[in-house]
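Working notes, beginning with the structure itself.
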Number of protein chains: 6
Amino acid sequence: MSNQQIQKVKVKRLAHVGLWANDVAAQARFYRQVMGFDLRALASGSAERDMALEEANLFLALGDEYHCLGLFNDVRPASSNGRRPTQRIPLHHLAFEVDTDAELAALAARLQMANVQLMLEPRDGDAELGDTLWFQDPDGNRIEISVISDEFQHYSAPLKQGQRFRPLMLQHVALQTLHLEAMVDFYTEALGFDISDWLLRECVWLRCNSDHHTLMFMQGQAGIDHIGYSIAEGVDLLRWADHLARHQAKLLWGPGRHGAGNNLFLRFADAEGIHIELSAELQQYYDQDVTIPPRLWHTRSAALNLWGTLPTWLQEKIGV
Amino acid sequence: MSNQQIQKVKVKRLAHVGLWANDVAAQARFYRQVMGFDLRALASGSAERDMALEEANLFLALGDEYHCLGLFNDVRPASSNGRRPTQRIPLHHLAFEVDTDAELAALAARLQMANVQLMLEPRDGDAELGDTLWFQDPDGNRIEISVISDEFQHYSAPLKQGQRFRPLMLQHVALQTLHLEAMVDFYTEALGFDISDWLLRECVWLRCNSDHHTLMFMQGQAGIDHIGYSIAEGVDLLRWADHLARHQAKLLWGPGRHGAGNNLFLRFADAEGIHIELSAELQQYYDQDVTIPPRLWHTRSAALNLWGTLPTWLQEKIGV
Amino acid sequence: MSNQQIQKVKVKRLAHVGLWANDVAAQARFYRQVMGFDLRALASGSAERDMALEEANLFLALGDEYHCLGLFNDVRPASSNGRRPTQRIPLHHLAFEVDTDAELAALAARLQMANVQLMLEPRDGDAELGDTLWFQDPDGNRIEISVISDEFQHYSAPLKQGQRFRPLMLQHVALQTLHLEAMVDFYTEALGFDISDWLLRECVWLRCNSDHHTLMFMQGQAGIDHIGYSIAEGVDLLRWADHLARHQAKLLWGPGRHGAGNNLFLRFADAEGIHIELSAELQQYYDQDVTIPPRLWHTRSAALNLWGTLPTWLQEKIGV
Amino acid sequence: MSNQQIQKVKVKRLAHVGLWANDVAAQARFYRQVMGFDLRALASGSAERDMALEEANLFLALGDEYHCLGLFNDVRPASSNGRRPTQRIPLHHLAFEVDTDAELAALAARLQMANVQLMLEPRDGDAELGDTLWFQDPDGNRIEISVISDEFQHYSAPLKQGQRFRPLMLQHVALQTLHLEAMVDFYTEALGFDISDWLLRECVWLRCNSDHHTLMFMQGQAGIDHIGYSIAEGVDLLRWADHLARHQAKLLWGPGRHGAGNNLFLRFADAEGIHIELSAELQQYYDQDVTIPPRLWHTRSAALNLWGTLPTWLQEKIGV
Amino acid sequence: MSNQQIQKVKVKRLAHVGLWANDVAAQARFYRQVMGFDLRALASGSAERDMALEEANLFLALGDEYHCLGLFNDVRPASSNGRRPTQRIPLHHLAFEVDTDAELAALAARLQMANVQLMLEPRDGDAELGDTLWFQDPDGNRIEISVISDEFQHYSAPLKQGQRFRPLMLQHVALQTLHLEAMVDFYTEALGFDISDWLLRECVWLRCNSDHHTLMFMQGQAGIDHIGYSIAEGVDLLRWADHLARHQAKLLWGPGRHGAGNNLFLRFADAEGIHIELSAELQQYYDQDVTIPPRLWHTRSAALNLWGTLPTWLQEKIGV
Amino acid sequence: MSNQQIQKVKVKRLAHVGLWANDVAAQARFYRQVMGFDLRALASGSAERDMALEEANLFLALGDEYHCLGLFNDVRPASSNGRRPTQRIPLHHLAFEVDTDAELAALAARLQMANVQLMLEPRDGDAELGDTLWFQDPDGNRIEISVISDEFQHYSAPLKQGQRFRPLMLQHVALQTLHLEAMVDFYTEALGFDISDWLLRECVWLRCNSDHHTLMFMQGQAGIDHIGYSIAEGVDLLRWADHLARHQAKLLWGPGRHGAGNNLFLRFADAEGIHIELSAELQQYYDQDVTIPPRLWHTRSAALNLWGTLPTWLQEKIGV
C-alpha cells in the first residue's frame, strides 16, 4: 500500500449510531411510532426469545440497511464515590463505513500512523462478514469502521402506516466536546474528513462525502448535541411539526435555516431527551471537481439560524 | 380501579373492518390491484395451503399492522321464510384498539356498567396475545376491542408497483342505522366517543382521537354507508380519479369537501358495491387542550358537501 | 394573394366574448369579485361619466388585452306577438384575431369564396386602428375578426386582492346549435379550424392553435353552453371550489376530466346563469410538426367525463 | 328599519389599519421593499407635490383597494407633565366596511342603541362618496365604518419586482387591552362580531365573516399586538423567512401553528417595531349553514402554538 | 375459441426485460444503488449459496412483482471467425403478460395463425405456475408471454434508503431494427399492438394498454435503444438529475419532452452503457371509448424533442 | 470621506442592460409576447408620437422599476475599411445602482483612485433626479451607475395574459472578454465586487450582493455571452420549456444545473440571437456574517453543468 493511498483514504459515510438507553422499550416505541423506524430482530447473541424486552439491545432501521440506530440497555454503574455524580453520556458508539476491504486496510494504516490504538474484530461476531475496526477518538467515544456489506440480505422492511412520517436516512451526528481542536485534528487527519465551516472556537462542520456535514462538533461538556436525519423536502417540516404535535412531541427549535449547511431544520427530543434534527436542502459538495476552502462564520446566530435568534437553552449551552 | 378511571377511558382507534364477501377472491383482487393493499397470510386456522382461495377468509393491510380489512366468505343462510328476503348487511365486525391492558379492563368495566353483554376471548386464538372483548352494539353489529400489540412482528409488506395509489390508512366507518340516537348514546356512553358534529335527525359524526370522526352514523336501513381511508394530500384526489378511470372504477361522488370534518373526499365502490371514501385534510382535534362543543348543521347540503348539491342516490337515501 | 395563401389562412385565437346582460352591474360585480376580472373604462362612446352604470356597456379583462369579456345591456325587445316567447340567447358576439393585415385580407377572401356576407368597419370606431371584419355564422351568431393590436397601450391592470383567484385567460367557447354539421363545415372551411374530436351527432371540438379546442359545438337549442377559462394547474381547481363556496357559488359539475381534450375542469354559473368552465391541462397540438386525424368517441360519458357519470341537467340537454 | 334587521347587521370586513409613524419614509420603505406593498398617491389634502415626504401621510395597498395600510406622521405631543411618560400607542385608527348603505344605516342604529357616540363624515372628505361613521371603542381606539366603494376606480397597481413576496391581503388585527371583557362585549353587541375561541381571561378571537378571526384581543397594556396578513400557502412561510433574512428582518416567532384558528404563522417586526404576522390556512366558518359555539382553550401554549413553547417576550407580555 | 376472440386478444403489459451482462455484479450494483431496485433471490436453480455472484443470473424488482429486470451472465462465445466481430446485442429476452389462461391460449392461436414457431414451457421451471409461451420476433429477439400470477407470494421488498430515487415501474422498451415494417407488422398482427405514432421510415410507437407506447422501434442496427421507466412527476426529473450527478452518472439527453407520447424524459446509461429513460406524464389512451388513428410526425426533431435539437449521437444513429 | 468608506463601497445591484438592436420592433415583440415584459413609454426625447417604432429606442420592464432592458436602434456604421468586418458587439451599456448619494460619491472616489475616466450626467437628462456616473471598463463597455430612485413613480405595469411566463427580474450578465484578469481586477478593485468562483483561465463569477453572481466573465471574443433572469422555482423551467416550444423558441442548452452558483438553468435566444438564461435556486451569500474564500473549479464540465456534457457550441467557444 502506498503512502499516497493511505493519505487519500477517508471514511465514506455514517452507518449507524449506538445509544445507551435507560428504558429501551420506551425509546423503541418512540422511534417506531413517532419516527417510523422499523425494528430489526433482537441482537443475534440473544437466543432466548422470551428474554424481557427491557433488557435487550435493539436495532432500528429506516431503509434496507441492517440498522442505523442501536439502543443499548444502560447497565453502566452509577458513579457513587463523589458528591456530584459523573454525567454518563448517552453515546454508545458511532459507526462509519468504507466501500472496500482495501480502503479499510488503508484506513487502519492511516490510524496507526496517527498512533491510534486499534482493535480488529469479526463483524457482528461473524468471521465471514469480514473485520471491523474499533478505536476511540480523543474524547473517548468508541468508533467502529467496517466495509459496507455486499451481501444481498433480505431484511423485512414493512412500511409504517402513515408512511409520510419517516425520515429518509441518518444524515449527521453533532457532538459536544471540551477539546474542539483535538477532535477536529483527529477526524481530519486520522479519518480524512474535510472542514466545511468554522464558527471560531465554538463549532466545526466536517464532511466525508457530498453532504455539507456528517459530523459537527460544538464546544461544551462531552455528549450528544443532536442526531440529524434527512427528509425529502422543506415543506415536509411543516407536516412533521403537525405530526409531532399530534404525538405530544413539542418542538424545541425551528423550523429554521442553518447558515452553515444552508439546511432547513427543526429540533425535538426523543423519549430520553436526546435531541433529534430533521433536515432538508443540505448543501452538496462535489470535491472531485472543485476546491472549496473552509468558510468562517463571524456570528453564532447567523451560523446557526439565518432566520433569527437562538433558543434560550442553546445560548446558554454554547457559552460554556 | 376507580370510577373516574372508568369514566375517562375510551377506545383509541379503529383497528380494522371485517366484511362479508360473496366472492372473496374478486374483492381481494380489487383491493390489491386498484387500492394497493397487501395480502396477509391466510387465516391461521386454515392449515391446508391448497384450500381453494374462494373459500378462505382473507386479511389485507396498508401498513405494518396485521390487517385493516378482513374479508369473510359469506356462508350465512339466505333468509327463506318470507316473501321479501331480509337484506344481509355486509358488515362482519368492527375492531377498535386501546393502548394498555389497564385500559381494556376499564373499558370492560364501563361496558358492564352499561349492561352490555361481554365475551372475553384469547386474541386471535392465541392466549399469549392477551384477551379480546367481543359484544354487540344496539344495531347488533359485532364489535371487538383489544390491546394494540406490543409484539415486534415482521410482516412482509411489499410495496405495490405504482406505489402512489395506496391509501395511508383506514380512517373511519360510516354506518346507516334506524336507531340514530340509541347508537350515539351507546358509543358515547359505553365507549367514550365524543360528538363532533350533528345534522339533526340525520347524521352524527363521532371522534375518539384527534381525527374529526372515526365513526359516522346516518339515519337509514342498517348497513354500511361507506368506509373511509385517508390519503396524504388533496391534490392526490385528482390523481386517484385518473387512476380509477384507468381501472374502469367510476366515481360516484366528488371530488368535494364535506362541511362536517372539512375533508376533501371522493367516493367509488369496491367489487361488491360497498362505497369507499378517500379523504384528505380531515379536521384535527386536540381535546386535551381545548373544549369544543358539538357543532349543529342546518342544511344537509352544506354538512355533506360545501361545494354543491348531492348526488341523486344520496338525496334519496337520506330521505328515509 | 395566391389561392394557397387563402387556403392556409386561419384565425389565430379567440379574443373576446360579448354577452347580453339583464343586469350589467350585477354581472360586473360577479366577474370582478368572484372571478378577479379587471374593469376597463366605460365604452368609449359614453362621454357622460355620470351615466348610470346599469345602462352602460362594460368591458372586463384578465391581462393586458383591452378586454376578453364584454357585457351589453340587453335592450332587445321582448318577443310579444306569440304565446311562447322566443328565448333570446345571451351571446352578443364572438371576436377572433389574426396576426397581420395580410392574414385578415386572406381571411376576408376565404370568407367571400364561401359566400359569406362581410362588413368592414374601423376597429373600435377608430380608423387608425385598422379594419375589423363582421359577419354571421350559420346560426346567426355575430362574429368579429381583427388584427391583434401592435399598439403599445398602457391599460391599467390592477391586481385583485386575493390574486390567486383569477383565471389566466379566455380559453374556449362552447355553443349549442341545431345545425351541428353546418356549423362545423362553416368554421373549418371558412375560418380554417381543424377538428380535434367528434362525439357522433352530438359534439365537435375545433382548434385554431395549439389548444385542443377553442370552439366546441353541441347539438341542442342555439345558445351558449359554457365559456371556458384556463387556470394554471389542476390542484387549483380544489382551491377554486373552496373559493366559490365562500362566495355561495355552488358547483354544477366537476371537478372532472374531459375525455375530449383531457382537461381537468369544473363548472359553475355566473350571476345570470351562464355556465363557466375553469380548465387545466388542456391537450396541446403542434400542427406544424404532425398530422393528427380527428378522434372519434364512442360514448358520451367517456368523451365528457373520464371519471364518471354526467350531471342530470347535461344528460337531458344532450338528448335533444 | 326593523329591530331584527338592526340585530342581524354586522361589519363585513376589515378595510384598513392606520398607524402613527415616527419616520413615515422609513416605514414606507420597509412596506414597499420588504413587504411588496404599493404606494398610493399622497393624501389628497396635500396639494404641494414638493412637500417633504417625511411630513406626509402615506397610503399603501396590496390589491386594487385604495389602501389597506395608512401611515400618519406622529405629531402627537410628547406627554411632559409627569414622571413616567404615557406610552403613545401606534394605532391611529381601524376601518371596517359593510356592503350597502342600508347596512351602514342599520349599524349606526345598532351603535346608537348601544349608546355609542357617532360622528358622520363625508368619506375621504368627498361628499359624493357617501358617509363614513366614526366612533371610539371602550379603549378609546378610533373606529371608522364605511360602505365598500362601488366606484370603478383605476388605481395603478404595479407588480413589485420579485412578486412572490407580497401578502394576499390584510387579514386581522390583534390588540392588547386592559378591559378584555368590555372590548368583547362592545364588538359582539355593537358591531355584530361572533366569538370563535376563548383563552380564559387572556385572549379572545372574534370573526365577522368566513375567517376564523378578524379581531383578536389579548389582555395587556393597550396597544397593537400584531397585524396579520394572509399568504397563499404554508410552504410560502419558509420562502418568506429566507426573504426576510436577506433583508435583515429576523423572525421573532414561528413558523408555528396557532391552536386557535389553526393557521400557520410567522412573526417579525416592521421598521418601527410593530409586529407583523403572515398567516396561511386560517380556519373557515360557514355561519349561514352551521351553528358553532365558542371553543374554550385550557392552556396558553396550545392555544397560541400547537407545535411548542412560546417565545420569552410573549410569556412575559401575557402575564400582565 | 372463436376467431373473433383470437382477433381481439392482445398482450396486456410488459412484464420484464432480460439483459446479457458482462459484469453482472457491477450492473446489479448500479441498479440497486443508483436506481433503487430490489434484488430478488438468486435464480432458483442455483442451490449453492456460495456460488460466486459474478456467475449468477440476477433478478431485480421495483415493486411486488417477482422481477422487472433480469441480468444474465454473458457466456455467449465471442465471434472469432472474421475480422469484424459480430456485435452481440445486450437483449436476452422480453417478457409480456396477459390476464388469464384463456387469453394466453387465444394469443397462442393468434401466433400460430401468423405462422410463428411456439414453444410451451412450465413457467419458471415450475409446472404448477402454468405455461409460458416462447418464440422469436422477426429480428430474432426472444419473446416470452405468460399469465400474470394470481399467487399471493410474499416477496420481501425492502425500501431503499433515500426512497425518492426509485422509478415506479418498467414502462417501455425501445429497440433498433433494420426491418422496421416487418417488426411493426409482427407486433400489431401477431400480438395485437396498436400504432400510436409514426415518424416515417424512422420510428414507430406501439401501445397495448393505456400507455401511449410500450414498445418503440427505431430504424438502425438491431439492438436496444433504451429501456424506459416511469416516475411520478415531471419535477422529479430535476431531482433525479441531481441524484445522478452525485453518483457520477452524467445525463446523455434531456430533460426534454417527446413529441410522440408527450412525456417528459431524461436519458443516461447503466453500468454497461445501455440507455435508460425516466419518463413522466406519458399520454394515456382509452381505446375502449374512443377510436384514435395513428398520428404522423413530419420532423424528427419535433417527434423526439419538442423543446429543441437532438444530441449528436442520436442524429448519427438515426441516419443509418 | 474616509479612505475606509471608499474601500468598502460597492455597487448594490444590476439595474438594467442596454442592447443594440437591428430590428427594435421585432426584439420588442419577442420580449413582450414570449418573455412577458412590459413596454414603457417611448424614450423621453422622442416627442413625436407618430415616429416610426422601428427607429425608436424602447424600454422594457419586469416589475415597477422604470426598465431593466433597453433596446437601442443600431445606427453604428458598419466597418468597411478592411476585409474582415469588425464584429459589432450588441452590448449598448450596463447600469448598476447604489442606495444613497453618499455611496455614489464614495464610488466615484474609488473609481478615480483607480484612474478611471468619469463623466457625471444628470440622470435621464433630468437634473432633479440626481447625477449618474458614466465610464468604460477595460473592454470598453460603457457602464452607468446611479442612485436607486426614491421617487414614488406610478408606472403602469399591466399583468401579461398567462402571467406565469414572466421572469421575476434581471439577475446577471455574462460577458466574454479577451482580458479576463484585467476585467476581474477592474470590477473587484474599482467597483467592489467579490469573486465567488473561478474556472482557471476560463470563467469567473463575481457578486455584489446576496446572489452568487451578478457578473460572469468568460474568456473569448468580447461580447455578450448571455443575460440571466431569475424565475421562482426549478419546476418552472419545465413549464417555460413547454411555453417556448409553443412559441417556436427552441432550447439551446439545459435544463441543467450549473456547478458554479448551483442554479438550475435553461438557455435560448432572443429575436436577434442573444442568449437568454432563466435561472432558479441560485446560491445565496451572507457576506456580513461569513467569510467565504473563492472556490476553484477543476473541470469545465462540472463548473458549467453538474448534470452532464456541454453543448457543441459552448465547447468550441471556450476553446478560444
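Letters A, B, ... mark the chains of the C-alpha cells in the order given; residue numbers begin at 1 per chain; ligand numbers begin at 1, in order shown.
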
Contacts of B:Arg257 at 8 Å (only C-alpha atoms; same-chain gap of 2+ positions) as a PDB file with N, CA and C atoms, in the first residue's frame:
ATOM      1  N   GLY B 254     -68.054  13.360  -5.834  1.00  0.00           N
ATOM      2  CA  GLY B 254     -66.846  14.086  -5.570  1.00  0.00           C
ATOM      3  C   GLY B 254     -65.938  14.123  -6.778  1.00  0.00           C
ATOM      4  N   PRO B 255     -64.757  14.734  -6.710  1.00  0.00           N
ATOM      5  CA  PRO B 255     -64.209  15.372  -5.528  1.00  0.00           C
ATOM      6  C   PRO B 255     -65.130  16.467  -4.973  1.00  0.00           C
ATOM      7  N   GLY B 259     -68.727  19.543   4.676  1.00  0.00           N
ATOM      8  CA  GLY B 259     -68.798  20.592   5.694  1.00  0.00           C
ATOM      9  C   GLY B 259     -68.394  20.035   7.059  1.00  0.00           C
ATOM     10  N   ASN B 262     -64.612  18.947   7.242  1.00  0.00           N
ATOM     11  CA  ASN B 262     -63.866  19.807   6.325  1.00  0.00           C
ATOM     12  C   ASN B 262     -62.915  19.021   5.435  1.00  0.00           C
ATOM     13  N   ASN B 263     -63.133  17.728   5.306  1.00  0.00           N
ATOM     14  CA  ASN B 263     -62.206  16.936   4.495  1.00  0.00           C
ATOM     15  C   ASN B 263     -62.606  16.918   3.029  1.00  0.00           C
ATOM     16  N   LEU B 264     -61.580  16.967   2.179  1.00  0.00           N
ATOM     17  CA  LEU B 264     -61.763  16.719   0.763  1.00  0.00           C
ATOM     18  C   LEU B 264     -62.009  15.227   0.580  1.00  0.00           C
ATOM     19  N   PHE B 265     -62.866  14.864  -0.380  1.00  0.00           N
ATOM     20  CA  PHE B 265     -63.194  13.444  -0.497  1.00  0.00           C
ATOM     21  C   PHE B 265     -63.549  13.089  -1.929  1.00  0.00           C
ATOM     22  N   LEU B 304     -72.802  18.025   4.055  1.00  0.00           N
ATOM     23  CA  LEU B 304     -72.253  16.902   3.300  1.00  0.00           C
ATOM     24  C   LEU B 304     -71.363  17.324   2.144  1.00  0.00           C
ATOM     25  N   ASN B 305     -71.570  18.514   1.596  1.00  0.00           N
ATOM     26  CA  ASN B 305     -70.689  18.986   0.526  1.00  0.00           C
ATOM     27  C   ASN B 305     -70.744  20.495   0.407  1.00  0.00           C
ATOM     28  N   LEU B 306     -69.733  21.168   0.909  1.00  0.00           N
ATOM     29  CA  LEU B 306     -69.710  22.626   0.864  1.00  0.00           C
ATOM     30  C   LEU B 306     -69.697  23.151  -0.565  1.00  0.00           C
ATOM     31  N   TRP B 307     -69.284  22.333  -1.494  1.00  0.00           N
ATOM     32  CA  TRP B 307     -69.130  22.834  -2.865  1.00  0.00           C
ATOM     33  C   TRP B 307     -70.400  22.787  -3.693  1.00  0.00           C
TER      34      TRP B 307
END

Handout entry: Shell around E:His243 at 10 Å using only C-alpha atoms, local window under 3 positions removed, as a ChimeraX atom specification
Key = /E:34-35,164-165,237-240,246-249 /F:307

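Interatomic distance, atom CA of E:Asp23 to atom CA of E:His67: 19.0 Å.
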
Practice task
With a distance cut-off of 12 Å and only C-alpha atoms, select the neighbouring residues of B:Leu252, excluding the residue or stretch itself and same-chain residues fewer than 3 positions from it, and output the selection as an MDAnalysis selection string.
Solution key: (chainID B and resid 226 241 244:245 249 255:256 265:270 273:278 310:314) or (chainID C and resid 254 256 307:311)

Problem - Proximal residues of chain E relative to chain C (only C-alpha atoms; 10 Å) as a PyMOL selection string - result: chain E and resi 197-199+259-260+262+283-303+306

Exercise for the section: Report the distance between atom CA of A:Gln176 and atom CA of A:Ile224 in Å, rounded to one decimal place. Expected result: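 So the two atoms, atom CA of A:Gln176 and atom CA of A:Ile224, lie 5.9 Å apart.
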
Problem - Non-local contacts of stretch 132-140 of chain E (6 Å; only C-alpha atoms; under 5 positions in same chain excluded) as an NGL selection string - result: :E and (118-123 or 145-146)

Any chance you can output those residues with C-alpha atoms as a PDB file, in the first residue's frame?
ATOM      1  CA  LEU E 118     -44.012 -21.502 -30.485  1.00  0.00           C
ATOM      2  CA  MET E 119     -42.548 -23.307 -27.523  1.00  0.00           C
ATOM      3  CA  LEU E 120     -44.525 -24.048 -24.387  1.00  0.00           C
ATOM      4  CA  GLU E 121     -42.612 -24.304 -21.139  1.00  0.00           C
ATOM      5  CA  PRO E 122     -43.576 -24.524 -17.496  1.00  0.00           C
ATOM      6  CA  ARG E 123     -43.275 -21.075 -16.015  1.00  0.00           C
ATOM      7  CA  ILE E 145     -45.587 -14.426 -22.700  1.00  0.00           C
ATOM      8  CA  SER E 146     -47.231 -15.728 -19.572  1.00  0.00           C
TER       9      SER E 146
END

Problem - Best match for closeness to A:Arg29 among A:Ala222, A:Gln4, A:Ile231, A:Ala271, counting only C-alpha atoms - result: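 Using only C-alpha atoms, A:Arg29 sits closest to A:Ala271.
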
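Here atom CA of B:Asn73 stands at a distance of 24.3 Å from atom CA of E:Ile148.
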
Exercise for the section: Could you please write out, as a list in words, every residue of stretch 180-263 of chain A that DSSP assigns to alpha helix (DSSP H)? Expected result: Leu180, Glu181, Ala182, Met183, Val184, Asp185, Phe186, Tyr187, Thr188, Glu189, Val235, Asp236, Leu237, Leu238, Arg239, Trp240, Ala241, Asp242, His243, Leu244, Ala245 and Arg246 of chain A

Exercise for the section: Report as an MDAnalysis selection string: the residues of stretch 86-228 of chain B with a DSSP assignment of strand (DSSP E or B), based on the backbone of this structure. Expected result: chainID B and resid 91:98 119:122 131:136 142:147 169:177 194:199 203:207 211 215:219 223:228
